[in-house]
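Worksheet: the structure to be examined is printed underneath.
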Amino acid sequence: MNLAVSELSIPVPWGEIRGKVWGPDHGRRVLCLHGWADNCGTFNTLLPLLPKDFRYIAVDLAGHGRSSHRPPGVLYAFPSYVMDVRRVVDGM
């Protein structure tokens, strides 16, 4: 299966959270989050194997892939990533 891919950019106070979107606009949304030392590209080979009627949104968390790094002195802590996911959900 060959899903169309589009780019995603969500503004955040320190820059932007970037990602990719696969699937139809009307599809039920599935948020795909990568691991600690990874990026949204990890889903490039997985998503073609999943049902095609969903809309998959994979993001590069702050400091990963094409997303902006946090400002100097700001920690990359789990609670910060939870807030980032909330920003992504609100921005979709």
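Residues are referred to by chain and number: the chain letter is A, B, ... according to the order shown in the structure tokens, the number counts from 1 in that chain, and ligands are numbered separately from 1 in the order shown.
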### Message
So that I can check the surroundings of A:Phe43, please list as a PyMOL selection string every protein, DNA and RNA residue that reaches within 12 Å of it, counting only C-alpha atoms and ignoring chain neighbours fewer than 3 positions away.
### Response
chain A and resi 5+19-22+31-35+38-40+46-50+56-60
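Closest to A:His64 among A:Arg87, A:Tyr81, A:Asn44, A:Pro24 is A:Tyr81, based on only C-alpha atoms.
Across A:Asp90, A:Asp53, A:Glu16, A:Asp25, the tightest approach to A:Gly65 is made by A:Glu16 when counting only C-alpha atoms.
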Go through chain A and collect every residue that DSSP, computed from the backbone, puts in strand (DSSP E); the answer should be as a PDB file with N, CA, C and O atoms, in the first residue's frame.
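Contents of part22.pdb, as written:
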ATOM      1  N   VAL A   5       1.820  11.042   1.895  1.00  0.00           N
ATOM      2  CA  VAL A   5       2.419  11.624   3.097  1.00  0.00           C
ATOM      3  C   VAL A   5       2.427  13.134   2.958  1.00  0.00           C
ATOM      4  O   VAL A   5       2.784  13.678   1.920  1.00  0.00           O
ATOM      5  N   SER A   6       2.029  13.816   4.023  1.00  0.00           N
ATOM      6  CA  SER A   6       2.133  15.273   4.040  1.00  0.00           C
ATOM      7  C   SER A   6       2.924  15.687   5.278  1.00  0.00           C
ATOM      8  O   SER A   6       3.048  14.935   6.231  1.00  0.00           O
ATOM      9  N   GLU A   7       3.462  16.884   5.218  1.00  0.00           N
ATOM     10  CA  GLU A   7       4.265  17.415   6.321  1.00  0.00           C
ATOM     11  C   GLU A   7       3.354  18.093   7.348  1.00  0.00           C
ATOM     12  O   GLU A   7       2.313  18.644   7.000  1.00  0.00           O
ATOM     13  N   LEU A   8       3.788  18.068   8.595  1.00  0.00           N
ATOM     14  CA  LEU A   8       3.055  18.677   9.692  1.00  0.00           C
ATOM     15  C   LEU A   8       3.981  19.649  10.411  1.00  0.00           C
ATOM     16  O   LEU A   8       5.152  19.344  10.635  1.00  0.00           O
ATOM     17  N   SER A   9       3.467  20.814  10.759  1.00  0.00           N
ATOM     18  CA  SER A   9       4.218  21.791  11.532  1.00  0.00           C
ATOM     19  C   SER A   9       3.274  22.456  12.524  1.00  0.00           C
ATOM     20  O   SER A   9       2.273  23.048  12.124  1.00  0.00           O
ATOM     21  N   ILE A  10       3.598  22.323  13.799  1.00  0.00           N
ATOM     22  CA  ILE A  10       2.768  22.916  14.847  1.00  0.00           C
ATOM     23  C   ILE A  10       3.625  23.919  15.619  1.00  0.00           C
ATOM     24  O   ILE A  10       4.668  23.552  16.179  1.00  0.00           O
ATOM     25  N   PRO A  11       3.210  25.188  15.632  1.00  0.00           N
ATOM     26  CA  PRO A  11       3.985  26.200  16.357  1.00  0.00           C
ATOM     27  C   PRO A  11       3.992  25.937  17.866  1.00  0.00           C
ATOM     28  O   PRO A  11       2.975  25.545  18.439  1.00  0.00           O
ATOM     29  N   VAL A  12       5.151  26.120  18.473  1.00  0.00           N
ATOM     30  CA  VAL A  12       5.312  26.045  19.927  1.00  0.00           C
ATOM     31  C   VAL A  12       6.131  27.267  20.348  1.00  0.00           C
ATOM     32  O   VAL A  12       6.741  27.913  19.497  1.00  0.00           O
ATOM     33  N   GLY A  15       9.675  27.364  18.859  1.00  0.00           N
ATOM     34  CA  GLY A  15       9.869  27.062  17.436  1.00  0.00           C
ATOM     35  C   GLY A  15       8.693  26.283  16.876  1.00  0.00           C
ATOM     36  O   GLY A  15       7.581  26.785  16.820  1.00  0.00           O
ATOM     37  N   GLU A  16       8.952  25.015  16.501  1.00  0.00           N
ATOM     38  CA  GLU A  16       7.871  24.201  15.953  1.00  0.00           C
ATOM     39  C   GLU A  16       8.118  22.724  16.215  1.00  0.00           C
ATOM     40  O   GLU A  16       9.254  22.289  16.388  1.00  0.00           O
ATOM     41  N   ILE A  17       7.029  21.987  16.290  1.00  0.00           N
ATOM     42  CA  ILE A  17       7.072  20.532  16.327  1.00  0.00           C
ATOM     43  C   ILE A  17       6.700  20.077  14.932  1.00  0.00           C
ATOM     44  O   ILE A  17       5.658  20.467  14.401  1.00  0.00           O
ATOM     45  N   ARG A  18       7.582  19.295  14.326  1.00  0.00           N
ATOM     46  CA  ARG A  18       7.395  18.845  12.947  1.00  0.00           C
ATOM     47  C   ARG A  18       7.006  17.378  12.938  1.00  0.00           C
ATOM     48  O   ARG A  18       7.244  16.650  13.894  1.00  0.00           O
ATOM     49  N   GLY A  19       6.435  16.952  11.831  1.00  0.00           N
ATOM     50  CA  GLY A  19       6.074  15.556  11.699  1.00  0.00           C
ATOM     51  C   GLY A  19       5.537  15.245  10.323  1.00  0.00           C
ATOM     52  O   GLY A  19       5.673  16.042   9.384  1.00  0.00           O
ATOM     53  N   LYS A  20       4.925  14.072  10.217  1.00  0.00           N
ATOM     54  CA  LYS A  20       4.350  13.589   8.958  1.00  0.00           C
ATOM     55  C   LYS A  20       2.950  13.067   9.222  1.00  0.00           C
ATOM     56  O   LYS A  20       2.647  12.586  10.312  1.00  0.00           O
ATOM     57  N   VAL A  21       2.131  13.147   8.184  1.00  0.00           N
ATOM     58  CA  VAL A  21       0.754  12.661   8.269  1.00  0.00           C
ATOM     59  C   VAL A  21       0.497  11.742   7.091  1.00  0.00           C
ATOM     60  O   VAL A  21       0.802  12.081   5.951  1.00  0.00           O
ATOM     61  N   TRP A  22      -0.052  10.577   7.391  1.00  0.00           N
ATOM     62  CA  TRP A  22      -0.434   9.605   6.367  1.00  0.00           C
ATOM     63  C   TRP A  22      -1.923   9.345   6.480  1.00  0.00           C
ATOM     64  O   TRP A  22      -2.482   9.363   7.564  1.00  0.00           O
ATOM     65  N   ARG A  28      -9.983   8.129  11.083  1.00  0.00           N
ATOM     66  CA  ARG A  28      -9.838   8.269  12.538  1.00  0.00           C
ATOM     67  C   ARG A  28      -8.363   8.504  12.858  1.00  0.00           C
ATOM     68  O   ARG A  28      -7.486   7.805  12.362  1.00  0.00           O
ATOM     69  N   ARG A  29      -8.081   9.468  13.711  1.00  0.00           N
ATOM     70  CA  ARG A  29      -6.706   9.873  13.989  1.00  0.00           C
ATOM     71  C   ARG A  29      -6.006   8.914  14.949  1.00  0.00           C
ATOM     72  O   ARG A  29      -6.576   8.496  15.958  1.00  0.00           O
ATOM     73  N   VAL A  30      -4.744   8.612  14.607  1.00  0.00           N
ATOM     74  CA  VAL A  30      -3.870   7.810  15.458  1.00  0.00           C
ATOM     75  C   VAL A  30      -2.580   8.601  15.626  1.00  0.00           C
ATOM     76  O   VAL A  30      -1.913   8.918  14.641  1.00  0.00           O
ATOM     77  N   LEU A  31      -2.247   8.939  16.856  1.00  0.00           N
ATOM     78  CA  LEU A  31      -1.021   9.690  17.132  1.00  0.00           C
ATOM     79  C   LEU A  31       0.113   8.697  17.365  1.00  0.00           C
ATOM     80  O   LEU A  31       0.039   7.836  18.242  1.00  0.00           O
ATOM     81  N   CYS A  32       1.169   8.796  16.570  1.00  0.00           N
ATOM     82  CA  CYS A  32       2.315   7.890  16.627  1.00  0.00           C
ATOM     83  C   CYS A  32       3.493   8.612  17.270  1.00  0.00           C
ATOM     84  O   CYS A  32       3.963   9.616  16.737  1.00  0.00           O
ATOM     85  N   LEU A  33       3.960   8.105  18.402  1.00  0.00           N
ATOM     86  CA  LEU A  33       5.052   8.733  19.136  1.00  0.00           C
ATOM     87  C   LEU A  33       6.276   7.827  19.126  1.00  0.00           C
ATOM     88  O   LEU A  33       6.173   6.633  19.405  1.00  0.00           O
ATOM     89  N   PHE A  54      -7.216   4.853   8.348  1.00  0.00           N
ATOM     90  CA  PHE A  54      -6.910   5.710   9.487  1.00  0.00           C
ATOM     91  C   PHE A  54      -6.019   6.864   9.047  1.00  0.00           C
ATOM     92  O   PHE A  54      -5.374   6.804   8.011  1.00  0.00           O
ATOM     93  N   ARG A  55      -5.981   7.909   9.857  1.00  0.00           N
ATOM     94  CA  ARG A  55      -5.087   9.055   9.616  1.00  0.00           C
ATOM     95  C   ARG A  55      -4.007   8.996  10.684  1.00  0.00           C
ATOM     96  O   ARG A  55      -4.264   9.234  11.867  1.00  0.00           O
ATOM     97  N   TYR A  56      -2.803   8.662  10.275  1.00  0.00           N
ATOM     98  CA  TYR A  56      -1.679   8.500  11.193  1.00  0.00           C
ATOM     99  C   TYR A  56      -0.869   9.790  11.257  1.00  0.00           C
ATOM    100  O   TYR A  56      -0.439  10.308  10.235  1.00  0.00           O
ATOM    101  N   ILE A  57      -0.678  10.295  12.469  1.00  0.00           N
ATOM    102  CA  ILE A  57       0.088  11.515  12.693  1.00  0.00           C
ATOM    103  C   ILE A  57       1.313  11.152  13.528  1.00  0.00           C
ATOM    104  O   ILE A  57       1.188  10.736  14.681  1.00  0.00           O
ATOM    105  N   ALA A  58       2.497  11.253  12.913  1.00  0.00           N
ATOM    106  CA  ALA A  58       3.749  10.948  13.610  1.00  0.00           C
ATOM    107  C   ALA A  58       4.531  12.243  13.772  1.00  0.00           C
ATOM    108  O   ALA A  58       4.717  12.984  12.810  1.00  0.00           O
ATOM    109  N   VAL A  59       4.947  12.529  14.985  1.00  0.00           N
ATOM    110  CA  VAL A  59       5.659  13.776  15.243  1.00  0.00           C
ATOM    111  C   VAL A  59       7.085  13.504  15.708  1.00  0.00           C
ATOM    112  O   VAL A  59       7.382  12.464  16.285  1.00  0.00           O
TER     113      VAL A  59
END
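Counting from atom CA of A:Leu61, the distance to atom CA of A:Leu75 is 13.2 Å.
Note that atom CA of A:Arg70 and atom CA of A:Pro13 are 9.3 Å apart.
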### Task
Name the residues of chain A that come out as alpha helix (DSSP H) in a backbone DSSP run; write them as a PyMOL selection string.
chain A and resi 78-91
Write the residues you've just listed into a file as a CSV table (one decimal), in the first residue's frame, and include all heavy atoms for each of them.
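result18.csv written:
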chain,number,residue,atom,x,y,z
A,78,PHE,N,10.3,14.1,30.9
A,78,PHE,CA,9.1,13.4,30.6
A,78,PHE,C,7.9,14.4,30.7
A,78,PHE,O,7.0,14.5,29.7
A,78,PHE,CB,8.8,12.2,31.4
A,78,PHE,CG,7.6,11.4,31.0
A,78,PHE,CD1,7.5,10.7,29.9
A,78,PHE,CD2,6.4,11.5,31.8
A,78,PHE,CE1,6.4,10.0,29.5
A,78,PHE,CE2,5.3,10.9,31.4
A,78,PHE,CZ,5.3,10.1,30.3
A,79,PRO,N,7.7,15.2,31.7
A,79,PRO,CA,6.5,16.1,31.8
A,79,PRO,C,6.5,17.1,30.6
A,79,PRO,O,5.4,17.5,30.2
A,79,PRO,CB,6.7,16.8,33.2
A,79,PRO,CG,7.5,15.8,34.0
A,79,PRO,CD,8.4,15.2,33.0
A,80,SER,N,7.7,17.5,30.2
A,80,SER,CA,7.7,18.4,29.1
A,80,SER,C,7.2,17.8,27.8
A,80,SER,O,6.5,18.4,27.0
A,80,SER,CB,9.1,18.9,28.8
A,80,SER,OG,9.6,19.6,30.0
A,81,TYR,N,7.5,16.5,27.6
A,81,TYR,CA,7.0,15.8,26.4
A,81,TYR,C,5.5,15.6,26.5
A,81,TYR,O,4.8,15.7,25.5
A,81,TYR,CB,7.8,14.5,26.2
A,81,TYR,CG,9.2,14.6,25.7
A,81,TYR,CD1,10.2,14.2,26.5
A,81,TYR,CD2,9.4,15.2,24.5
A,81,TYR,CE1,11.5,14.3,26.0
A,81,TYR,CE2,10.7,15.4,24.0
A,81,TYR,CZ,11.8,14.9,24.8
A,81,TYR,OH,13.1,15.1,24.4
A,82,VAL,N,5.0,15.4,27.7
A,82,VAL,CA,3.6,15.3,27.8
A,82,VAL,C,2.9,16.6,27.4
A,82,VAL,O,1.9,16.6,26.7
A,82,VAL,CB,3.2,14.9,29.3
A,82,VAL,CG1,1.7,14.9,29.5
A,82,VAL,CG2,3.7,13.5,29.6
A,83,MET,N,3.4,17.7,27.8
A,83,MET,CA,2.9,19.0,27.4
A,83,MET,C,3.0,19.2,25.9
A,83,MET,O,2.1,19.8,25.3
A,83,MET,CB,3.6,20.1,28.1
A,83,MET,CG,3.3,20.1,29.6
A,83,MET,SD,3.9,21.6,30.6
A,83,MET,CE,5.5,21.9,29.9
A,84,ASP,N,4.1,18.7,25.3
A,84,ASP,CA,4.3,18.8,23.8
A,84,ASP,C,3.2,18.0,23.1
A,84,ASP,O,2.6,18.4,22.1
A,84,ASP,CB,5.6,18.3,23.4
A,84,ASP,CG,6.8,19.1,24.0
A,84,ASP,OD1,6.5,20.3,24.4
A,84,ASP,OD2,7.9,18.7,23.9
A,85,VAL,N,2.9,16.8,23.6
A,85,VAL,CA,1.9,16.0,23.0
A,85,VAL,C,0.5,16.7,23.1
A,85,VAL,O,-0.3,16.7,22.1
A,85,VAL,CB,1.8,14.6,23.7
A,85,VAL,CG1,0.5,13.8,23.2
A,85,VAL,CG2,3.1,13.8,23.3
A,86,ARG,N,0.3,17.3,24.2
A,86,ARG,CA,-1.0,18.1,24.4
A,86,ARG,C,-1.0,19.2,23.3
A,86,ARG,O,-2.1,19.5,22.7
A,86,ARG,CB,-1.0,18.7,25.8
A,86,ARG,CG,-2.3,19.4,26.1
A,86,ARG,CD,-3.4,18.4,26.2
A,86,ARG,NE,-4.5,18.9,25.4
A,86,ARG,CZ,-5.7,18.2,25.3
A,86,ARG,NH1,-5.8,17.1,25.9
A,86,ARG,NH2,-6.6,18.7,24.6
A,87,ARG,N,0.1,19.9,23.1
A,87,ARG,CA,0.2,21.0,22.1
A,87,ARG,C,-0.1,20.4,20.7
A,87,ARG,O,-0.8,21.0,19.9
A,87,ARG,CB,1.5,21.6,22.1
A,87,ARG,CG,1.8,22.5,23.2
A,87,ARG,CD,3.1,23.2,23.1
A,87,ARG,NE,3.3,24.3,24.1
A,87,ARG,CZ,4.0,24.2,25.2
A,87,ARG,NH1,4.7,23.1,25.4
A,87,ARG,NH2,4.1,25.2,26.0
A,88,VAL,N,0.4,19.2,20.4
A,88,VAL,CA,0.2,18.6,19.1
A,88,VAL,C,-1.3,18.3,19.0
A,88,VAL,O,-2.0,18.6,17.9
A,88,VAL,CB,1.0,17.3,18.9
A,88,VAL,CG1,0.6,16.5,17.7
A,88,VAL,CG2,2.5,17.6,18.8
A,89,VAL,N,-1.9,17.7,20.0
A,89,VAL,CA,-3.4,17.3,19.9
A,89,VAL,C,-4.2,18.6,19.7
A,89,VAL,O,-5.1,18.6,18.9
A,89,VAL,CB,-3.8,16.5,21.2
A,89,VAL,CG1,-5.3,16.4,21.3
A,89,VAL,CG2,-3.1,15.1,21.2
A,90,ASP,N,-3.9,19.6,20.5
A,90,ASP,CA,-4.6,20.9,20.3
A,90,ASP,C,-4.4,21.5,19.0
A,90,ASP,O,-5.3,22.2,18.5
A,90,ASP,CB,-4.2,21.9,21.4
A,90,ASP,CG,-4.7,21.5,22.8
A,90,ASP,OD1,-5.6,20.6,22.9
A,90,ASP,OD2,-4.1,22.0,23.8
A,91,GLY,N,-3.3,21.3,18.3
A,91,GLY,CA,-3.0,21.9,17.1
A,91,GLY,C,-3.4,21.1,15.8
A,91,GLY,O,-3.3,21.6,14.7
